[in-house]
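Trainee: One structure, as structure tokens, below. Some questions next.
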Number of protein chains: 2
Amino acid sequence: MSNCSHCIMKRFNALKTLTHDELERFSDHKTSLIIKKGENIMTEGNSINGLYCIQDGKCKLTKLNTNGKEQIIKFIKGGDILGHRSILSDEPVGLNATALEDMRVCFIPKGDILDSIKDNPQFSLNLIKNISLQLSHANTSISQMAQKPVKDRLAETLLSLEEIFGVDNEDCIDVILTREEIANTIGTATESAIRLLSNLKKDGVINLIGKKIKILNKNALKNLSEGY
Amino acid sequence: MSNCSHCIMKRFNALKTLTHDELERFSDHKTSLIIKKGENIMTEGNSINGLYCIQDGKCKLTKLNTNGKEQIIKFIKGGDILGHRSILSDEPVGLNATALEDMRVCFIPKGDILDSIKDNPQFSLNLIKNISLQLSHANTSISQMAQKPVKDRLAETLLSLEEIFGVDNEDCIDVILTREEIANTIGTATESAIRLLSNLKKDGVINLIGKKIKILNKNALKNLSEGY
DNA sequence: TCCCAATAGTGATATTTATCACTTAATTTT
DNA sequence: AAAATTAAGTGATAAATATCACTATTGGGA
């Protein structure tokens, strides 16, 4: 099994401050797993007893509303970590993490993480910074959901998806989402999302190639996202 | 000036794990201040170099949207702390904290807080738990803003306001908000908020006495907040 | 490879919500 | 206490968005 000391993960996020010894300890105790498309890494309300390091693949973090609708809160990709909030706060997981494609994930037991938190203040601080940043983004999101019309939110979401996932060799946003998932991200009906996407295509702002989306005019989207 | 060791704040939140020595250190360096209604304790985008302990009074945490509208993200009252996210993540403040009434606030310099974080892992952990909880609430909020109609959100907000501020001696929710502020909390037009409040009154679910709101049928509000 | 189920797309319509243009009531200010 | 602001409330209307009922298309499994 691969060694954490050589893992690409340590280049990212909070893990980059871990010492060689800490990474060796992680290596000894970690388990690698494959999550198939559609499966959950974590499930809302469940407890977890470790940290997930995403090696490869993409997933969505969702929340099931009391009305039965799924809200997508955030997207996760290779290099990201999952479950640290739950470990640190000692609370059940708040969101579902569902694979958008097959994923390779490492699981590091809670005990090792807590040891590193005790030993390595910088690691601890980086985890806090990660959570703080998420809170900051969440607050922005609340404001936009509450006050911006659907069209603006769609524009914002398209920009954000390109930001997160980058583009493939044909300049399309490098993630495959159903129209329903796009709708569940911006908080609207699937039909409304479809119509607004069609309008953006008609206006030459984006191109739609099957499920793939190519942004043609980033400035136009930026303006739309701010209500112009 | 009053002594932190005897302050009611230490009964609440992260501060309850502080030692006598730590509280004495806080006492020596703290400053007490009065914030008048309408004034800001913190302002979006500014840096702060300390922690605010709310002794008394209420404030709103807001975000100014790109369209110029104010979104209320959270309410704060006596016993709450402000600014710890900014200190821990070493980033500017993300929200405005505006007094809803005259407030008494203590300011503890960043250095003392960071010292306590180093010395006292439990204090550090409690701060993290506080931020984690905020993130969890924020995610719930995103979901509700995105997917629930305005009526449901108003019902939810009224319940939440009573939860946070309690009731006065006439069973009214113990906070004075303008209709505009209520609208900015649920993310709707002021006129819409007014109309929906009137409807709730007409249906006997709440009573409106000037700016004061009395919840008459909590169950009805709970049902409404879940879309029934 | 064909079939089935899921997804995408469209049009008509209903519902929700915002906007505008006011009146009335409540606070401040002078 | 009167005047001037500011906030609350109302009705008419416009705009945004959801819902329903469908057809077309796509993409895996048997």
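The way I read the labels, and the way they are meant: chains A, B, ... in the order of the structure tokens, residue 1 as the first residue of every chain, and ligand 1 as the first ligand shown, with later ones counted on from there.
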Contacts between chain C and chain B, please, where a residue of chain B counts if it comes within 9 Å (with only C-alpha atoms (C1' of nucleotides)); show its shortest atom pair and distance in Å to one decimal, rows by chain and ascending number, as CSV.
Mentor:
```
residue,atom,partner,partner_atom,distance
B:Pro149,CA,C:DT16,C1',8.2
B:Val150,CA,C:DT17,C1',8.4
B:Thr188,CA,C:DT17,C1',8.1
B:Ala189,CA,C:DA18,C1',6.8
B:Glu191,CA,C:DA18,C1',8.8
B:Ser192,CA,C:DT17,C1',7.4
```
Trainee: Kindly save the residues from that selection, with C-alpha atoms included, as a PDB file, in the first residue's frame.
Mentor:
```pdb
ATOM      1  CA  PRO B 149     -40.577  29.696   0.469  1.00  0.00           C
ATOM      2  CA  VAL B 150     -40.642  32.998   2.318  1.00  0.00           C
ATOM      3  CA  THR B 188     -37.388  39.039   1.243  1.00  0.00           C
ATOM      4  CA  ALA B 189     -38.853  42.470   0.520  1.00  0.00           C
ATOM      5  CA  GLU B 191     -43.520  44.667   2.186  1.00  0.00           C
ATOM      6  CA  SER B 192     -43.655  40.892   1.833  1.00  0.00           C
TER       7      SER B 192
END
```
Trainee: Taking only C-alpha atoms into account and nothing else, which residues of chain B lie no more than 6 Å away from chain A? Please answer as a list in words.
Mentor: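 Interface list for chain B against chain A: Gln71, Ser89, Lys129, Leu135, Ala138, Ile142, Ser143, Met145, Ala146, Gln147 and Gly187 of chain B.
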Trainee: Output the selection as a compact mmCIF listing (two decimals), in the first residue's frame - C-alpha atoms for each residue.
Mentor:
```txt
# COMPACT_ATOMS: atom_id res chain seq x y z
CA GLN B 71 -28.45 40.26 4.85
CA SER B 89 -7.85 32.25 11.00
CA LYS B 129 -16.43 23.75 18.53
CA LEU B 135 -20.70 26.31 10.21
CA ALA B 138 -24.83 28.19 8.31
CA ILE B 142 -28.15 27.86 3.04
CA SER B 143 -30.45 24.93 2.50
CA MET B 145 -32.80 29.98 2.03
CA ALA B 146 -32.35 28.09 -1.22
CA GLN B 147 -35.33 25.82 -1.00
CA GLY B 187 -34.30 37.37 2.66
```
Trainee: Give me the residues within 9 Å of Arg195 of chain B as a ChimeraX atom specification, counting only C-alpha atoms (C1' of nucleotides) and dropping any in the same chain fewer than 5 places off.
Mentor: /B:190,200 /D:9-10
Trainee: Just give me the gap between atom CA of Ala155 of chain B and atom CA of Ile182 of chain A in Å, one decimal is fine.
Mentor: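 Between atom CA of Ala155 of chain B and atom CA of Ile182 of chain A the gap is 27.6 Å.
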Trainee: If the cut-off is 12 Å, can you tell me the residues of chain D near chain B, counting only C-alpha atoms (C1' of nucleotides)? I'd like them as a list in words.
Mentor: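 Residues passing the distance filter: DT6, DA7, DA8, DG9, DT10, DG11, DT17 and DA18 of chain D.
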